[in-house]
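J.: Input coords.pdb, format and content: PDB, C-alpha atoms.
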```
ATOM      1  CA  MET K 360     -21.993 -29.439  14.384
ATOM      2  CA  PRO K 361     -21.582 -27.905  17.865
ATOM      3  CA  THR K 362     -22.064 -24.145  18.130
ATOM      4  CA  THR K 363     -19.689 -21.661  19.769
ATOM      5  CA  ALA K 364     -21.985 -21.642  22.808
ATOM      6  CA  ASP K 365     -21.757 -25.451  22.992
ATOM      7  CA  HIS K 366     -17.959 -25.225  22.921
ATOM      8  CA  GLU K 367     -17.884 -22.605  25.678
ATOM      9  CA  LEU K 368     -20.289 -24.573  27.845
ATOM     10  CA  ALA K 369     -18.334 -27.794  27.289
ATOM     11  CA  ASP K 370     -15.121 -26.009  28.260
ATOM     12  CA  ARG K 371     -16.709 -24.765  31.499
ATOM     13  CA  VAL K 372     -18.114 -28.208  32.334
ATOM     14  CA  THR K 373     -14.720 -29.819  31.655
ATOM     15  CA  ARG K 374     -12.846 -27.330  33.840
ATOM     16  CA  ARG K 375     -15.344 -27.723  36.680
ATOM     17  CA  ARG K 376     -15.071 -31.500  36.444
ATOM     18  CA  ALA K 377     -11.264 -31.386  36.518
ATOM     19  CA  ARG K 378     -11.381 -29.229  39.666
ATOM     20  CA  MET K 379     -14.078 -31.256  41.394
ATOM     21  CA  MET K 380     -12.724 -34.798  40.994
ATOM     22  CA  PRO K 381      -9.674 -34.468  43.286
ATOM     23  CA  VAL K 382     -11.719 -32.468  45.811
ATOM     24  CA  LEU K 383     -14.368 -35.211  45.967
ATOM     25  CA  ALA K 384     -11.648 -37.830  46.350
ATOM     26  CA  ILE K 385     -10.004 -35.949  49.214
ATOM     27  CA  LEU K 386     -13.358 -35.467  50.966
ATOM     28  CA  PHE K 387     -14.027 -39.173  50.528
ATOM     29  CA  LEU K 388     -10.634 -40.068  52.001
ATOM     30  CA  ALA K 389     -10.959 -37.516  54.794
ATOM     31  CA  GLY K 390     -14.110 -39.215  56.073
ATOM     32  CA  GLN K 391     -12.440 -42.614  56.479
ATOM     33  CA  PRO K 392     -10.530 -42.070  59.770
ATOM     34  CA  PHE K 393     -13.837 -41.353  61.511
ATOM     35  CA  TYR K 394     -15.289 -44.541  60.103
ATOM     36  CA  PHE K 395     -12.453 -46.676  61.406
ATOM     37  CA  ALA K 396     -11.490 -44.832  64.589
ATOM     38  CA  ARG K 397     -14.869 -44.323  66.217
ATOM     39  CA  ASN K 398     -16.789 -47.376  65.115
ATOM     40  CA  ARG K 399     -15.234 -50.684  64.261
ATOM     41  CA  ILE K 400     -17.239 -52.563  61.640
ATOM     42  CA  GLU K 401     -18.882 -54.885  64.191
ATOM     43  CA  ILE K 402     -20.643 -51.986  65.934
ATOM     44  CA  ASP K 403     -21.221 -50.008  62.809
ATOM     45  CA  THR K 404     -24.691 -48.743  62.084
ATOM     46  CA  PRO K 405     -26.423 -49.796  58.886
ATOM     47  CA  VAL K 406     -27.130 -46.136  58.132
ATOM     48  CA  LYS K 407     -23.452 -45.243  58.250
ATOM     49  CA  THR K 408     -22.541 -48.125  55.971
ATOM     50  CA  ALA K 409     -25.338 -47.212  53.578
ATOM     51  CA  VAL K 410     -24.173 -43.590  53.441
ATOM     52  CA  TRP K 411     -20.630 -44.708  52.646
ATOM     53  CA  LEU K 412     -21.867 -47.112  49.941
ATOM     54  CA  VAL K 413     -24.075 -44.463  48.314
ATOM     55  CA  TRP K 414     -21.216 -41.936  48.450
ATOM     56  CA  ALA K 415     -18.851 -44.450  46.819
ATOM     57  CA  ALA K 416     -21.430 -45.309  44.152
ATOM     58  CA  ILE K 417     -21.975 -41.607  43.369
ATOM     59  CA  LEU K 418     -18.222 -41.106  42.972
ATOM     60  CA  LEU K 419     -17.962 -44.108  40.661
ATOM     61  CA  LEU K 420     -20.851 -42.784  38.589
ATOM     62  CA  ALA K 421     -19.224 -39.343  38.491
ATOM     63  CA  LEU K 422     -16.049 -40.932  37.175
ATOM     64  CA  ALA K 423     -17.846 -43.083  34.607
ATOM     65  CA  MET K 424     -20.335 -40.507  33.329
ATOM     66  CA  ALA K 425     -18.737 -37.231  34.315
ATOM     67  CA  GLY K 426     -20.496 -34.227  32.984
ATOM     68  CA  GLY K 427     -22.591 -32.833  30.171
ATOM     69  CA  HIS K 428     -25.332 -35.422  30.436
ATOM     70  CA  PHE K 429     -28.116 -32.896  30.833
ATOM     71  CA  ARG K 430     -26.730 -30.398  28.323
ATOM     72  CA  GLY K 431     -27.611 -32.058  25.028
ATOM     73  CA  LYS K 432     -25.719 -34.350  22.701
ATOM     74  CA  ALA K 433     -23.454 -31.689  21.183
ATOM     75  CA  VAL K 434     -22.091 -30.595  24.565
ATOM     76  CA  ARG K 435     -21.896 -34.156  25.826
ATOM     77  CA  ASP K 436     -19.820 -35.220  22.802
ATOM     78  CA  LEU K 437     -17.421 -32.327  23.404
ATOM     79  CA  VAL K 438     -17.118 -33.080  27.108
ATOM     80  CA  GLU K 439     -16.613 -36.792  26.406
ATOM     81  CA  ASP K 440     -13.965 -36.320  23.734
ATOM     82  CA  GLU K 441     -11.099 -38.641  22.781
ATOM     83  CA  VAL K 442      -8.794 -37.100  25.360
ATOM     84  CA  THR K 443     -11.300 -37.542  28.178
ATOM     85  CA  ARG K 444     -11.976 -41.154  27.232
ATOM     86  CA  SER K 445      -8.246 -41.842  27.191
ATOM     87  CA  ASN K 446      -7.770 -40.095  30.551
ATOM     88  CA  ARG K 447     -10.622 -42.075  32.044
ATOM     89  CA  LEU K 448      -9.055 -45.366  30.952
ATOM     90  CA  ARG K 449      -5.792 -44.319  32.583
ATOM     91  CA  ALA K 450      -7.720 -43.389  35.735
ATOM     92  CA  TYR K 451      -9.367 -46.831  35.769
ATOM     93  CA  ALA K 452      -5.900 -48.398  35.468
ATOM     94  CA  ALA K 453      -4.664 -46.284  38.391
ATOM     95  CA  GLY K 454      -7.694 -47.423  40.419
ATOM     96  CA  PHE K 455      -7.006 -51.056  39.563
ATOM     97  CA  TRP K 456      -3.333 -50.920  40.567
ATOM     98  CA  THR K 457      -4.212 -49.067  43.760
ATOM     99  CA  ALA K 458      -6.740 -51.791  44.558
ATOM    100  CA  MET K 459      -4.039 -54.430  44.030
ATOM    101  CA  ALA K 460      -1.568 -52.526  46.205
ATOM    102  CA  THR K 461      -4.220 -52.187  48.924
ATOM    103  CA  VAL K 462      -4.928 -55.930  48.775
ATOM    104  CA  PHE K 463      -1.208 -56.654  49.214
ATOM    105  CA  GLY K 464      -1.124 -54.239  52.147
ATOM    106  CA  ILE K 465      -4.156 -55.850  53.780
ATOM    107  CA  TYR K 466      -2.626 -59.299  53.394
ATOM    108  CA  GLY K 467       0.522 -58.036  55.079
ATOM    109  CA  LEU K 468      -1.450 -56.350  57.833
ATOM    110  CA  SER K 469      -3.579 -59.464  58.442
ATOM    111  CA  VAL K 470      -0.482 -61.215  59.766
ATOM    112  CA  PHE K 471      -0.477 -58.823  62.738
ATOM    113  CA  ASP K 472      -4.145 -57.887  63.082
ATOM    114  CA  ASN K 473      -7.511 -59.514  62.583
ATOM    115  CA  ILE K 474      -9.046 -57.655  59.643
ATOM    116  CA  GLN K 475     -12.630 -58.441  58.768
ATOM    117  CA  GLY K 476     -13.911 -58.976  55.262
ATOM    118  CA  ARG K 477     -16.030 -55.841  55.213
ATOM    119  CA  GLU K 478     -13.156 -53.722  56.491
ATOM    120  CA  SER K 479     -10.970 -55.081  53.711
ATOM    121  CA  LEU K 480     -13.572 -54.331  51.057
ATOM    122  CA  HIS K 481     -14.024 -50.879  52.514
ATOM    123  CA  LEU K 482     -10.298 -50.128  52.299
ATOM    124  CA  VAL K 483      -9.915 -51.503  48.768
ATOM    125  CA  MET K 484     -12.931 -49.572  47.525
ATOM    126  CA  THR K 485     -11.932 -46.335  49.252
ATOM    127  CA  PHE K 486      -8.346 -46.213  48.039
ATOM    128  CA  SER K 487      -9.064 -47.388  44.491
ATOM    129  CA  VAL K 488     -11.967 -44.983  43.934
ATOM    130  CA  ALA K 489      -9.946 -42.092  45.363
ATOM    131  CA  ALA K 490      -6.893 -42.954  43.236
ATOM    132  CA  ALA K 491      -8.988 -43.143  40.076
ATOM    133  CA  LEU K 492     -10.683 -39.798  40.774
ATOM    134  CA  ILE K 493      -7.420 -38.020  41.609
ATOM    135  CA  THR K 494      -5.698 -39.443  38.528
ATOM    136  CA  PHE K 495      -8.574 -38.434  36.271
ATOM    137  CA  GLY K 496      -8.698 -34.926  37.707
ATOM    138  CA  MET K 497      -4.944 -34.442  37.335
ATOM    139  CA  LEU K 498      -4.893 -35.727  33.746
ATOM    140  CA  GLU K 499      -7.801 -33.493  32.806
ATOM    141  CA  LYS K 500      -6.122 -30.484  34.417
ATOM    142  CA  ARG K 501      -2.944 -31.203  32.496
ATOM    143  CA  ALA K 502      -4.928 -31.512  29.262
ATOM    144  CA  LEU K 503      -6.549 -28.121  29.873
ATOM    145  CA  ARG K 504      -3.250 -26.402  30.635
ATOM    146  CA  ASP K 505      -2.100 -24.190  27.777
ATOM    147  CA  GLY K 506       1.213 -25.262  26.325
TER     148      GLY K 506
ATOM    149  CA  MET W 783       6.267 -35.333  21.879
ATOM    150  CA  ALA W 784       4.114 -38.330  22.784
ATOM    151  CA  GLU W 785       5.320 -41.696  21.495
ATOM    152  CA  GLY W 786       7.756 -40.135  19.030
ATOM    153  CA  LEU W 787       5.044 -38.378  17.058
ATOM    154  CA  ALA W 788       5.883 -34.845  15.965
ATOM    155  CA  ASN W 789       3.261 -32.425  14.735
ATOM    156  CA  ARG W 790       3.118 -29.016  13.084
ATOM    157  CA  LEU W 791      -0.346 -28.211  14.331
ATOM    158  CA  ARG W 792       0.559 -24.979  16.117
ATOM    159  CA  GLU W 793       2.601 -23.745  13.161
ATOM    160  CA  LEU W 794      -0.045 -24.487  10.519
ATOM    161  CA  ARG W 795      -2.846 -23.168  12.726
ATOM    162  CA  SER W 796      -0.980 -19.913  13.305
ATOM    163  CA  GLU W 797      -0.300 -19.540   9.575
ATOM    164  CA  ARG W 798      -4.076 -19.627   9.033
ATOM    165  CA  ASP W 799      -4.730 -17.175  11.885
ATOM    166  CA  LEU W 800      -6.797 -19.708  13.770
ATOM    167  CA  THR W 801      -7.038 -19.907  17.540
ATOM    168  CA  GLN W 802      -7.244 -23.300  19.208
ATOM    169  CA  ALA W 803     -10.920 -22.632  19.868
ATOM    170  CA  ALA W 804     -11.574 -21.695  16.229
ATOM    171  CA  LEU W 805      -9.843 -24.827  14.948
ATOM    172  CA  ALA W 806     -11.732 -26.916  17.507
ATOM    173  CA  GLU W 807     -15.011 -25.518  16.191
ATOM    174  CA  LEU W 808     -14.026 -26.244  12.591
ATOM    175  CA  VAL W 809     -13.178 -29.840  13.455
ATOM    176  CA  GLY W 810     -16.060 -30.329  15.905
ATOM    177  CA  VAL W 811     -13.901 -31.273  18.882
ATOM    178  CA  SER W 812     -13.141 -29.550  22.182
ATOM    179  CA  ARG W 813     -10.403 -26.925  22.532
ATOM    180  CA  LYS W 814      -8.800 -29.286  25.027
ATOM    181  CA  THR W 815      -8.388 -31.896  22.294
ATOM    182  CA  VAL W 816      -6.621 -29.429  19.998
ATOM    183  CA  ASN W 817      -4.479 -28.237  22.916
ATOM    184  CA  THR W 818      -3.342 -31.726  23.936
ATOM    185  CA  VAL W 819      -2.567 -32.806  20.369
ATOM    186  CA  GLU W 820      -0.674 -29.572  19.735
ATOM    187  CA  ASN W 821       1.401 -29.997  22.899
ATOM    188  CA  GLY W 822       2.154 -33.631  22.169
ATOM    189  CA  VAL W 823       0.338 -34.737  25.320
ATOM    190  CA  PHE W 824      -2.164 -36.816  23.365
ATOM    191  CA  VAL W 825      -1.746 -38.957  20.247
ATOM    192  CA  PRO W 826      -4.923 -38.516  18.204
ATOM    193  CA  SER W 827      -6.848 -41.285  16.486
ATOM    194  CA  VAL W 828      -6.512 -41.621  12.712
ATOM    195  CA  ALA W 829      -9.971 -40.119  12.259
ATOM    196  CA  LEU W 830      -9.104 -37.064  14.351
ATOM    197  CA  ALA W 831      -5.756 -36.622  12.581
ATOM    198  CA  LEU W 832      -7.543 -36.678   9.216
ATOM    199  CA  LYS W 833     -10.157 -34.186  10.442
ATOM    200  CA  LEU W 834      -7.449 -31.806  11.669
ATOM    201  CA  ALA W 835      -5.601 -32.075   8.362
ATOM    202  CA  ARG W 836      -8.791 -31.438   6.396
ATOM    203  CA  ALA W 837      -9.648 -28.395   8.503
ATOM    204  CA  LEU W 838      -6.175 -26.970   7.918
ATOM    205  CA  GLY W 839      -6.268 -27.848   4.209
ATOM    206  CA  CYS W 840      -3.130 -29.937   4.216
ATOM    207  CA  PRO W 841      -2.226 -33.610   3.858
ATOM    208  CA  VAL W 842      -2.101 -35.490   7.129
ATOM    209  CA  GLU W 843       1.544 -36.468   6.583
ATOM    210  CA  SER W 844       2.554 -32.817   6.536
ATOM    211  CA  LEU W 845       0.800 -32.335   9.863
ATOM    212  CA  PHE W 846       2.134 -35.401  11.659
ATOM    213  CA  SER W 847       5.433 -37.196  11.296
ATOM    214  CA  LEU W 848       7.452 -39.776  13.155
ATOM    215  CA  GLU W 849      10.427 -38.434  15.070
ATOM    216  CA  ASP W 850      13.771 -39.946  14.148
TER     217      ASP W 850
END
```
For this file, write the structure as structure tokens.
T.:
Amino acid sequence: MPTTADHELADRVTRRRARMMPVLAILFLAGQPFYFARNRIEIDTPVKTAVWLVWAAILLLALAMAGGHFRGKAVRDLVEDEVTRSNRLRAYAAGFWTAMATVFGIYGLSVFDNIQGRESLHLVMTFSVAAALITFGMLEKRALRDG
Amino acid sequence: MAEGLANRLRELRSERDLTQAALAELVGVSRKTVNTVENGVFVPSVALALKLARALGCPVESLFSLED
């Protein structure tokens, strides 16, 4: 059975996670104009692409694993409770529908502009990851709000 | 209330002088879980509903009911 200290720690971890997710998503989105404006994909450096990929992978891991993993099983179970698991599933759904909407947008845009495969993947990944993180953060914040 | 499910969690918890945190500790879940169930934001699993009822010493059907 978790102790009072476990509960307090889990509460802190959960609040921090709820605050951090939207911030990470906004930072992730904020970096994209530089990626597209300064360097088109064809003159992109491998380092820049690698940094973006690692950043995206870290965000996906943060969404999937989010918190309490180095705090012991009791804290982890509290942080990953029923509500969190439900919120995460809803966040995944938001990410999926955002990905679909982005794909539709890219198809529409491709009528007027030549969009490369990597650019398309970049856009789909960026918007869907950001949408999932923002949704998760908002749902967690709402769950923490006292009624 | 979520999905037409009403609950008397706040009322029964208050009658027993329990805070959300205290009830959460008794049940072994986070305070957030108790908070969301109490506010009707989250519909708990059967197992969680039974645990909440046991911690409050009441039958689960007196804790949760379907709204008309």
J.: For region 805-809 of chain W, list every protein, DNA or RNA residue within 12 Å, evaluated using only C-alpha atoms, and leave out those in the same chain fewer than 6 positions away; present the list as JSON, numbers by chain.
T.: {"K": [360, 361, 362, 363, 364, 365, 366, 367, 369, 370, 433, 437, 440], "W": [791, 792, 794, 795, 796, 798, 799, 815, 816, 817, 818, 819, 820, 829, 830, 831, 832, 833, 834, 835, 836, 837, 838, 839]}
J.: Residues of chain W within 6 Å of chain K, using all atoms listed in the file, as a PyMOL selection string?
T.: chain W and resi 811-812+814+818+821
J.: Hey, what's within 12 Å of Leu448 (chain K) if we count only C-alpha atoms and toss same-chain stuff fewer than 3 positions away? As a CSV table (one decimal) with C-alpha atoms, keeping the file's coordinate frame, please?
T.:
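Ended up saving to around18.csv:
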```csv
chain,number,residue,atom,x,y,z
K,422,LEU,CA,-16.0,-40.9,37.2
K,423,ALA,CA,-17.8,-43.1,34.6
K,441,GLU,CA,-11.1,-38.6,22.8
K,442,VAL,CA,-8.8,-37.1,25.4
K,443,THR,CA,-11.3,-37.5,28.2
K,444,ARG,CA,-12.0,-41.2,27.2
K,445,SER,CA,-8.2,-41.8,27.2
K,451,TYR,CA,-9.4,-46.8,35.8
K,452,ALA,CA,-5.9,-48.4,35.5
K,453,ALA,CA,-4.7,-46.3,38.4
K,454,GLY,CA,-7.7,-47.4,40.4
K,455,PHE,CA,-7.0,-51.1,39.6
K,491,ALA,CA,-9.0,-43.1,40.1
K,492,LEU,CA,-10.7,-39.8,40.8
K,494,THR,CA,-5.7,-39.4,38.5
K,495,PHE,CA,-8.6,-38.4,36.3
K,498,LEU,CA,-4.9,-35.7,33.7
```
J.: Find the spatial neighbours of region 461-474 of chain K, counting all atoms listed in the file, within a cut-off of 9 Å - ignore same-chain residues fewer than 5 positions away - and output them as a ChimeraX atom specification.
T.: /K:456,479,482-483,486-487
J.: For the residues selected in the previous step, produce a file with C-alpha atoms as a CSV table (one decimal), keeping the file's coordinate frame.
T.:
```csv
chain,number,residue,atom,x,y,z
K,456,TRP,CA,-3.3,-50.9,40.6
K,479,SER,CA,-11.0,-55.1,53.7
K,482,LEU,CA,-10.3,-50.1,52.3
K,483,VAL,CA,-9.9,-51.5,48.8
K,486,PHE,CA,-8.3,-46.2,48.0
K,487,SER,CA,-9.1,-47.4,44.5
```
J.: In Å to one decimal, how far is CA of Gly390 (chain K) from CA of Leu480 (chain K)?
T.: 15.9 Å
J.: Work out how far CA of Ala490 (chain K) is from CA of Gly476 (chain K), in Å to one decimal.
T.: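 Answer for the CA of Gly476 (chain K) to CA of Ala490 (chain K) separation: 21.2 Å.
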J.: Work out how far CA of Ala450 (chain K) is from CA of Ala804 (chain W), in Å to one decimal.
T.: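 About the pair CA of Ala804 (chain W) and CA of Ala450 (chain K): they are 29.4 Å apart.
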J.: Name the residues within 12 Å of (6.0, -43.8, 10.0), counting all atoms listed in the file in the file's coordinates, and put them as a list in words.
T.: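 Every residue inside that radius is included here: Glu785, Gly786, Leu787, Ala788, Val842, Glu843, Phe846, Ser847, Leu848, Glu849 and Asp850 of chain W.
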J.: Calculated over all atoms listed in the file, which of the candidates K:Ala416, K:Met497, K:Val372, K:Val406 has the smallest distance to Thr485 (chain K)?
T.: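 Of K:Ala416, K:Met497, K:Val372, K:Val406, the one nearest Thr485 (chain K), counting all atoms listed in the file, is K:Ala416.
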J.: Quick one: 6 Å padding each side, axis-aligned, all listed atoms of region 825-843 of chain W - centre and edge lengths in Å to one decimal, as JSON?
T.:
```
{"center_x": -4.3, "center_y": -34.3, "center_z": 12.1, "size_x": 23.7, "size_y": 26.7, "size_z": 28.4}
```
J.: Between K:Met379, K:Met459, K:Phe393, K:Gln475, which has the minimum distance to Leu418 (chain K) (counting all atoms listed in the file)?
T.: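 Of the candidates, the smallest distance to Leu418 (chain K) is held by K:Met379.
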J.: Closest to Pro841 (chain W) among W:Phe824, W:Arg813, W:Ala803, W:Arg790, using all atoms listed in the file?
T.: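 Ranking W:Phe824, W:Arg813, W:Ala803, W:Arg790 by distance to Pro841 (chain W), first place goes to W:Arg790.
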J.: Could you tell me which of K:Arg371, K:Arg449, K:Met484, K:Glu478 comes closest to Tyr394 (chain K) if we count all atoms listed in the file?
T.: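 Checking each of K:Arg371, K:Arg449, K:Met484, K:Glu478 against Tyr394 (chain K), counting all atoms listed in the file, the winner is K:Glu478.
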